[in-house]
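Undergrad: File follows, query_21.cif with mmCIF, C-alpha atoms:
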data_my_file
loop_
_atom_site.label_atom_id
_atom_site.label_comp_id
_atom_site.auth_asym_id
_atom_site.auth_seq_id
_atom_site.Cartn_x
_atom_site.Cartn_y
_atom_site.Cartn_z
CA MET I 1 4.42 111.97 30.78
CA ALA I 2 6.05 114.18 33.42
CA PHE I 3 6.73 112.74 36.84
CA THR I 4 6.51 114.51 40.20
CA LEU I 5 9.57 113.72 42.29
CA PRO I 6 8.94 112.30 45.78
CA THR I 7 9.06 114.73 48.65
CA PRO I 8 9.90 114.73 51.46
CA VAL I 9 12.29 111.78 51.27
CA GLN I 10 13.99 111.69 54.67
CA ASP I 11 10.81 110.75 56.55
CA ARG I 12 9.53 108.12 54.11
CA PRO I 13 10.42 104.40 53.88
CA VAL I 14 12.20 102.51 51.13
CA ALA I 15 10.81 99.12 50.04
CA VAL I 16 12.94 96.23 48.81
CA ILE I 17 11.12 93.47 46.94
CA GLY I 18 12.95 90.20 47.62
CA ALA I 19 14.97 89.13 50.66
CA GLY I 20 17.72 87.20 48.88
CA THR I 21 21.46 87.76 48.81
CA LEU I 22 21.26 91.19 47.20
CA GLY I 23 17.87 92.23 48.54
CA ARG I 24 19.08 92.14 52.14
CA ARG I 25 22.25 94.05 51.21
CA ILE I 26 20.24 96.73 49.42
CA ALA I 27 18.02 97.04 52.50
CA LEU I 28 21.13 97.41 54.63
CA MET I 29 22.33 100.40 52.61
CA PHE I 30 18.99 102.22 52.80
CA ALA I 31 18.75 101.60 56.57
CA ASP I 32 21.99 103.45 57.32
CA ARG I 33 20.48 106.91 57.91
CA GLY I 34 18.10 106.01 60.70
CA GLY I 35 15.05 105.45 58.52
CA LEU I 36 12.69 102.57 57.87
CA VAL I 37 13.21 99.94 55.18
CA ARG I 38 10.52 97.38 54.45
CA ILE I 39 11.48 94.05 52.89
CA TYR I 40 8.74 92.19 51.03
CA ASP I 41 9.10 88.45 50.59
CA LYS I 42 6.54 85.65 50.67
CA SER I 43 9.08 83.42 52.42
CA GLU I 44 9.00 84.13 56.14
CA ALA I 45 12.34 82.36 56.60
CA ALA I 46 14.03 84.48 53.93
CA GLY I 47 12.59 87.65 55.43
CA GLU I 48 13.82 86.80 58.91
CA ALA I 49 17.28 85.92 57.57
CA ALA I 50 17.36 89.32 55.86
CA ARG I 51 16.33 91.10 59.06
CA GLU I 52 19.08 89.31 60.99
CA TYR I 53 21.66 90.20 58.34
CA VAL I 54 20.81 93.90 58.51
CA GLY I 55 20.83 93.80 62.31
CA GLN I 56 24.32 92.30 62.34
CA HIS I 57 25.86 94.88 60.01
CA ILE I 58 23.88 98.11 60.28
CA ALA I 59 25.90 99.76 63.06
CA GLU I 60 29.15 99.30 61.16
CA VAL I 61 27.72 100.49 57.83
CA ALA I 62 25.95 103.50 59.35
CA GLY I 63 29.20 104.50 61.02
CA ARG I 64 30.85 104.93 57.62
CA VAL I 65 28.19 107.31 56.27
CA GLU I 66 28.20 111.03 57.06
CA GLY I 67 25.13 111.65 59.20
CA GLY I 68 24.53 107.90 59.40
CA ALA I 69 22.51 106.17 62.11
CA PRO I 70 21.20 102.60 62.40
CA GLY I 71 17.71 102.41 60.97
CA ARG I 72 14.89 99.89 61.22
CA VAL I 73 13.91 96.97 59.00
CA ALA I 74 10.39 95.58 58.80
CA VAL I 75 9.61 92.34 56.98
CA THR I 76 6.22 91.60 55.44
CA GLY I 77 4.54 89.25 53.00
CA ASP I 78 1.87 91.87 52.23
CA LEU I 79 2.77 94.03 49.22
CA ALA I 80 0.44 96.89 50.10
CA GLU I 81 1.93 97.07 53.59
CA ALA I 82 5.44 97.04 52.14
CA LEU I 83 4.71 99.91 49.75
CA ALA I 84 2.77 102.23 52.05
CA ASP I 85 4.13 105.81 51.73
CA VAL I 86 7.48 104.71 50.21
CA TRP I 87 9.56 107.09 48.09
CA LEU I 88 11.59 104.32 46.42
CA VAL I 89 10.96 100.68 45.55
CA VAL I 90 13.85 98.40 44.56
CA GLU I 91 12.92 95.06 43.01
CA ALA I 92 15.43 92.28 43.72
CA VAL I 93 13.66 89.08 42.64
CA PRO I 94 15.27 86.28 40.56
CA GLU I 95 16.30 86.94 36.95
CA HIS I 96 13.10 85.68 35.31
CA LEU I 97 11.45 88.09 32.89
CA ASP I 98 7.85 86.93 33.43
CA LEU I 99 8.25 87.29 37.19
CA LYS I 100 9.61 90.82 36.82
CA ARG I 101 6.75 91.79 34.48
CA GLU I 102 4.21 90.55 37.03
CA ILE I 103 5.93 92.22 39.99
CA PHE I 104 6.26 95.60 38.27
CA GLY I 105 2.63 95.57 37.25
CA GLN I 106 1.66 94.97 40.88
CA ILE I 107 4.07 97.59 42.23
CA ASP I 108 2.88 100.23 39.75
CA ARG I 109 -0.73 99.70 40.81
CA VAL I 110 -0.05 99.81 44.56
CA ALA I 111 2.87 102.20 45.17
CA PRO I 112 2.33 105.92 45.86
CA ALA I 113 2.05 108.02 42.70
CA ASP I 114 5.35 109.79 43.38
CA ALA I 115 7.36 106.65 44.23
CA ILE I 116 10.33 105.79 42.02
CA LEU I 117 10.25 102.16 40.85
CA ALA I 118 13.64 100.55 40.28
CA SER I 119 14.91 97.13 39.29
CA ASN I 120 18.12 95.59 40.55
CA SER I 121 18.12 93.22 37.56
CA SER I 122 21.65 92.12 36.70
CA SER I 123 21.07 91.72 32.98
CA TYR I 124 17.58 92.83 31.91
CA ALA I 125 16.88 96.39 30.82
CA SER I 126 13.81 97.76 32.58
CA ARG I 127 12.28 98.41 29.14
CA GLU I 128 11.78 94.64 28.88
CA PHE I 129 9.39 94.25 31.82
CA ILE I 130 7.12 97.31 31.86
CA ASP I 131 4.34 95.76 29.75
CA GLN I 132 1.89 95.96 32.69
CA VAL I 133 3.13 99.34 33.95
CA THR I 134 0.90 102.39 33.49
CA HIS I 135 3.57 104.94 34.45
CA PRO I 136 6.86 103.93 32.75
CA GLU I 137 8.19 107.45 33.34
CA ARG I 138 8.97 106.48 36.95
CA VAL I 139 10.69 103.16 36.20
CA LEU I 140 14.43 102.54 35.74
CA ASN I 141 17.26 100.16 36.53
CA ILE I 142 19.28 100.73 39.70
CA HIS I 143 21.74 97.87 39.58
CA PHE I 144 23.68 97.12 42.78
CA TYR I 145 26.84 95.02 42.90
CA MET I 146 27.74 93.58 46.33
CA PRO I 147 27.19 96.23 49.00
CA PRO I 148 28.41 97.20 51.51
CA ALA I 149 31.83 96.34 50.04
CA GLN I 150 31.02 97.27 46.42
CA ASN I 151 28.86 100.38 46.54
CA ALA I 152 28.76 101.62 42.94
CA VAL I 153 25.40 101.28 41.15
CA ASP I 154 24.31 101.60 37.52
CA LEU I 155 21.36 103.81 36.62
CA MET I 156 19.67 103.11 33.28
CA SER I 157 16.47 104.49 31.76
CA ASP I 158 13.66 102.27 30.51
CA GLY I 159 13.55 104.56 27.46
CA ARG I 160 10.78 106.70 28.92
CA THR I 161 12.15 107.47 32.40
CA ASP I 162 11.70 111.12 33.36
CA PRO I 163 15.23 112.64 33.20
CA LYS I 164 14.59 114.42 36.52
CA ILE I 165 14.77 111.03 38.25
CA MET I 166 18.35 110.47 37.11
CA ASP I 167 19.49 113.83 38.48
CA PHE I 168 17.53 113.30 41.68
CA LEU I 169 19.06 109.87 42.35
CA LYS I 170 22.58 111.06 41.53
CA ALA I 171 22.16 113.62 44.32
CA GLU I 172 20.23 111.43 46.79
CA LEU I 173 21.88 107.99 46.68
CA PRO I 174 25.34 109.12 47.88
CA ARG I 175 23.73 110.15 51.18
CA TYR I 176 23.29 106.41 51.82
CA GLY I 177 26.85 105.53 50.80
CA VAL I 178 25.68 104.38 47.35
CA PHE I 179 27.44 105.88 44.31
CA PRO I 180 25.49 106.05 41.01
CA PHE I 181 26.82 106.03 37.44
CA GLU I 182 24.46 106.49 34.48
CA ALA I 183 24.49 104.20 31.45
CA ARG I 184 23.78 106.79 28.79
CA LYS I 185 22.23 104.30 26.37
CA GLU I 186 20.67 100.87 26.82
CA SER I 187 23.34 98.25 27.48
CA THR I 188 22.88 94.62 28.50
CA GLY I 189 25.04 94.36 31.61
CA PHE I 190 25.05 98.14 32.05
CA ILE I 191 28.61 99.45 32.57
CA PHE I 192 30.75 97.45 35.01
CA ASN I 193 28.76 94.20 34.76
CA ARG I 194 29.26 94.11 31.01
CA ILE I 195 33.01 94.11 31.59
CA TRP I 196 32.76 91.69 34.53
CA ALA I 197 30.67 89.25 32.45
CA ALA I 198 33.53 88.83 30.01
CA ILE I 199 35.98 88.19 32.87
CA LYS I 200 33.91 85.56 34.68
CA ARG I 201 32.93 83.87 31.39
CA GLU I 202 36.58 83.47 30.40
CA ALA I 203 37.47 82.25 33.91
CA LEU I 204 34.78 79.59 33.60
CA GLN I 205 35.98 78.66 30.12
CA VAL I 206 39.57 78.21 31.33
CA VAL I 207 38.34 75.71 33.92
CA ALA I 208 35.84 74.05 31.55
CA GLU I 209 38.71 73.38 29.12
CA GLY I 210 40.78 71.80 31.91
CA VAL I 211 43.47 74.48 31.71
CA SER I 212 43.18 75.30 35.42
CA ASN I 213 40.88 74.93 38.43
CA PRO I 214 38.81 77.51 40.36
CA GLN I 215 41.22 77.72 43.29
CA ASP I 216 44.29 78.42 41.13
CA VAL I 217 42.47 80.98 38.98
CA ASP I 218 41.35 82.80 42.13
CA ALA I 219 44.82 82.63 43.70
CA MET I 220 46.45 84.15 40.60
CA TRP I 221 43.74 86.81 40.37
CA LYS I 222 44.27 87.86 44.00
CA ILE I 223 48.05 88.12 43.57
CA ASN I 224 48.00 90.00 40.27
CA MET I 225 45.04 92.29 41.01
CA GLY I 226 45.71 92.89 44.70
CA VAL I 227 42.15 92.06 45.73
CA PRO I 228 40.80 89.75 48.47
CA ALA I 229 38.71 87.44 46.23
CA GLY I 230 38.85 85.96 42.76
CA PRO I 231 36.11 85.36 40.16
CA PHE I 232 35.01 81.94 41.44
CA ARG I 233 34.75 83.07 45.06
CA MET I 234 32.76 86.11 43.91
CA MET I 235 30.41 83.96 41.82
CA ASP I 236 29.80 81.80 44.90
CA GLN I 237 28.84 84.94 46.83
CA VAL I 238 26.29 86.03 44.21
CA GLY I 239 24.84 82.52 43.80
CA LEU I 240 25.60 80.19 40.91
CA ASP I 241 21.91 79.99 39.98
CA VAL I 242 21.87 83.77 39.53
CA VAL I 243 25.11 83.66 37.55
CA LEU I 244 23.63 80.96 35.27
CA ASP I 245 20.43 82.98 34.73
CA ILE I 246 22.54 85.96 33.68
CA GLU I 247 24.71 83.87 31.35
CA ASN I 248 21.61 82.35 29.73
CA HIS I 249 20.31 85.85 29.06
CA TYR I 250 23.58 86.95 27.45
CA ALA I 251 23.60 83.78 25.34
CA ALA I 252 20.04 84.39 24.16
CA GLU I 253 21.21 87.75 22.79
CA ASN I 254 24.48 86.38 21.46
CA PRO I 255 24.32 82.65 20.50
CA ALA I 256 28.01 82.74 19.52
CA LEU I 257 29.10 82.80 23.17
CA PRO I 258 30.89 79.60 24.32
CA VAL I 259 28.67 76.95 25.92
CA GLY I 260 31.33 75.64 28.34
CA PRO I 261 30.70 78.26 31.06
CA ARG I 262 26.95 77.61 31.06
CA GLU I 263 27.38 73.85 31.08
CA MET I 264 29.71 74.07 34.07
CA LEU I 265 27.35 76.37 35.98
CA LYS I 266 24.36 74.12 35.18
CA MET I 267 26.21 71.11 36.60
CA TYR I 268 26.64 72.90 39.95
CA VAL I 269 23.10 74.29 39.96
CA ASP I 270 21.52 70.93 39.12
CA ALA I 271 23.41 69.42 42.06
CA GLY I 272 22.05 72.12 44.38
CA ASN I 273 25.51 73.61 44.93
CA LEU I 274 24.70 77.30 44.57
CA GLY I 275 27.57 78.82 46.55
CA VAL I 276 27.54 80.55 49.92
CA LYS I 277 23.76 80.33 50.34
CA THR I 278 23.77 76.52 50.20
CA GLY I 279 27.17 75.98 51.83
CA GLN I 280 28.73 74.50 48.71
CA GLY I 281 29.68 75.93 45.32
CA PHE I 282 33.14 76.16 43.86
CA TYR I 283 34.17 76.26 47.55
CA THR I 284 32.80 74.70 50.74
CA TYR I 285 31.36 77.12 53.33
#
Any chance you could give the structure as structure tokens?

TA:
Amino acid sequence: MAFTLPTPVQDRPVAVIGAGTLGRRIALMFADRGGLVRIYDKSEAAGEAAREYVGQHIAEVAGRVEGGAPGRVAVTGDLAEALADVWLVVEAVPEHLDLKREIFGQIDRVAPADAILASNSSSYASREFIDQVTHPERVLNIHFYMPPAQNAVDLMSDGRTDPKIMDFLKAELPRYGVFPFEARKESTGFIFNRIWAAIKREALQVVAEGVSNPQDVDAMWKINMGVPAGPFRMMDQVGLDVVLDIENHYAAENPALPVGPREMLKMYVDAGNLGVKTGQGFYTY
């Protein structure tokens, strides 16, 4: 089925579903041209933390974007309010397939007919959670990394996405300082994350085997790669629960993957040490 692209865009809000580590960062990027971003989350505390995060960083991020200006963020626990007149919805809820199926069914029923519906899923193809969606032609993956520092995103079709959406987003997203790259066939982990998954998995395995420790691996990585953070510090930033969910998904597709990385992550997650968001992971914050 053909899809009618949203228009106008500049005067319409963007909605982000989920106020977690990545949800608030996604909201930040779409608030950098003076517009309105609505964050939907049932947790009032998470929503307020997201609003504060955007408020702290929006002036700096908007200053880097041509034509940028600090925008507004509204937080709500009402889905209909969040989706009113939006041109784009980005789902950023935890990596649980049943939850994503439920959320996308709700979004598809409530969002404007010309709204693009995107998932920030780190490892699930959007094809896997459109069972309750009536209009799959407007659904796709837009996978963010760690904005505003890492601003590339993957675009990937759900198998029935209207091709016009890909071209539209490739033209529109750079206006917000977000740079899209299309995965031209379905790929678990998309483009960059597929490569990154192998790196972090081997880093975890090196430590699980007792060959090294997280701090030394990160220190070597920083020296040799000339970057400010190593794999373990970066996993702490994402959240070790999220990293474990992603690894479990990869392992479900490929049972031959080593179990050491998942066992190590589970030990930290079971202890409640999820990284930056809890103050303790591989490092203390």

Undergrad: Rounded to one decimal in Å, what is the spacing between CA of Gln150 in chain I and CA of Val242 in chain I?

TA: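 That distance, rounded to one decimal, is 17.7 Å.
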
Undergrad: Determine the residue membership of the PyMOL selection byres ((chain I and resi 155-159) around 8) for the file above and supply it as a PyMOL selection string.

TA: chain I and resi 125-127+136+139-143+153-154+160-161+166+180-186+190

Undergrad: Considering all atoms listed in the file, can you say which of I:Tyr176, I:Phe144, I:Phe168, I:Phe232 comes closest to Glu66 in chain I?

TA: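 Among I:Tyr176, I:Phe144, I:Phe168, I:Phe232, it is I:Tyr176 that comes nearest to Glu66 in chain I.
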
Undergrad: Please determine, counting only C-alpha atoms, which residue among I:Gly34, I:Gly23, I:Gly47, I:Gly105 has the shortest atom-to-atom distance to Met146 in chain I.

TA: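 Smallest separation from Met146 in chain I among the options: I:Gly23.
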
Undergrad: Excluding range 245-262 of chain I and any residue of its chain fewer than 6 positions from it, enumerate the residues within 9 Å of it, using only C-alpha atoms, and give them as a list of chain:residue names.

TA: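 Contacts, in chain order: I:Pro94, I:Glu95, I:His96, I:Ser122, I:Ser123, I:Tyr124, I:Thr188, I:Gly189, I:Ala197, I:Lys200, I:Arg201, I:Glu202, I:Ala203, I:Leu204, I:Gln205, I:Val206, I:Val207, I:Ala208, I:Glu209.
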
Undergrad: Restricting the calculation to only C-alpha atoms, which member of I:Trp87, I:Arg175, I:Asp114, I:Asp108 is positioned closest to Gly68 in chain I?

TA: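 Nearest to Gly68 in chain I: I:Arg175.
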
Undergrad: Record the distance separating CA of Ile116 in chain I and CA of Val89 in chain I, expressed in Å with one decimal.

TA: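 Atom-to-atom, CA of Ile116 in chain I and CA of Val89 in chain I are spaced 6.2 Å apart.
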
Undergrad: Could you work out how far CA of Phe179 in chain I lies from CA of Val243 in chain I, giving the answer in Å with one decimal?

TA: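 Atom-to-atom, CA of Val243 in chain I to CA of Phe179 in chain I, that is 23.3 Å.
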
Undergrad: Can you work out which one of I:Met267, I:Leu28, I:Ala15, I:Val276 has the shortest atom-to-atom distance to Met234 in chain I, counting only C-alpha atoms?

TA: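 Among the listed residues, the smallest separation from Met234 in chain I belongs to I:Val276.
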
Undergrad: Using only C-alpha atoms, which residues sit within 8 Å of Phe282 in chain I once same-chain residues fewer than 6 positions away are excluded, as a list of chain:residue names?

TA: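 Non-adjacent residues within range: I:Pro214, I:Phe232, I:Arg233, I:Asp236, I:Gly275.
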
Undergrad: Which residues, written as a compact mmCIF listing (two decimals) with C-alpha atoms, in the frame of the given file, have at least one atom at most 12 Å from Gln237 in chain I, with all atoms listed in the file counted and residues fewer than 4 positions away on the same chain left out?

TA:
# COMPACT_ATOMS: atom_id res chain seq x y z
CA GLY I 20 17.72 87.20 48.88
CA THR I 21 21.46 87.76 48.81
CA LEU I 22 21.26 91.19 47.20
CA TYR I 145 26.84 95.02 42.90
CA MET I 146 27.74 93.58 46.33
CA PRO I 147 27.19 96.23 49.00
CA ALA I 229 38.71 87.44 46.23
CA GLY I 230 38.85 85.96 42.76
CA PRO I 231 36.11 85.36 40.16
CA PHE I 232 35.01 81.94 41.44
CA ARG I 233 34.75 83.07 45.06
CA ASP I 241 21.91 79.99 39.98
CA VAL I 242 21.87 83.77 39.53
CA VAL I 243 25.11 83.66 37.55
CA ASN I 273 25.51 73.61 44.93
CA LEU I 274 24.70 77.30 44.57
CA GLY I 275 27.57 78.82 46.55
CA VAL I 276 27.54 80.55 49.92
CA LYS I 277 23.76 80.33 50.34
CA THR I 278 23.77 76.52 50.20
CA GLY I 279 27.17 75.98 51.83
CA GLN I 280 28.73 74.50 48.71
CA GLY I 281 29.68 75.93 45.32
CA PHE I 282 33.14 76.16 43.86
CA TYR I 283 34.17 76.26 47.55
CA THR I 284 32.80 74.70 50.74
CA TYR I 285 31.36 77.12 53.33

Undergrad: Going by the chain IDs and residue numbers used in this file, which residues fall under the PyMOL selection byres ((chain I and resi 52-56) around 8)? Write them as a compact mmCIF listing (two decimals) with C-alpha atoms, in the coordinates of the input.

TA:
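New file selection.txt:
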# COMPACT_ATOMS: atom_id res chain seq x y z
CA ARG I 24 19.08 92.14 52.14
CA ARG I 25 22.25 94.05 51.21
CA ALA I 27 18.02 97.04 52.50
CA LEU I 28 21.13 97.41 54.63
CA GLU I 48 13.82 86.80 58.91
CA ALA I 49 17.28 85.92 57.57
CA ALA I 50 17.36 89.32 55.86
CA ARG I 51 16.33 91.10 59.06
CA HIS I 57 25.86 94.88 60.01
CA ILE I 58 23.88 98.11 60.28
CA ALA I 59 25.90 99.76 63.06
CA VAL I 73 13.91 96.97 59.00
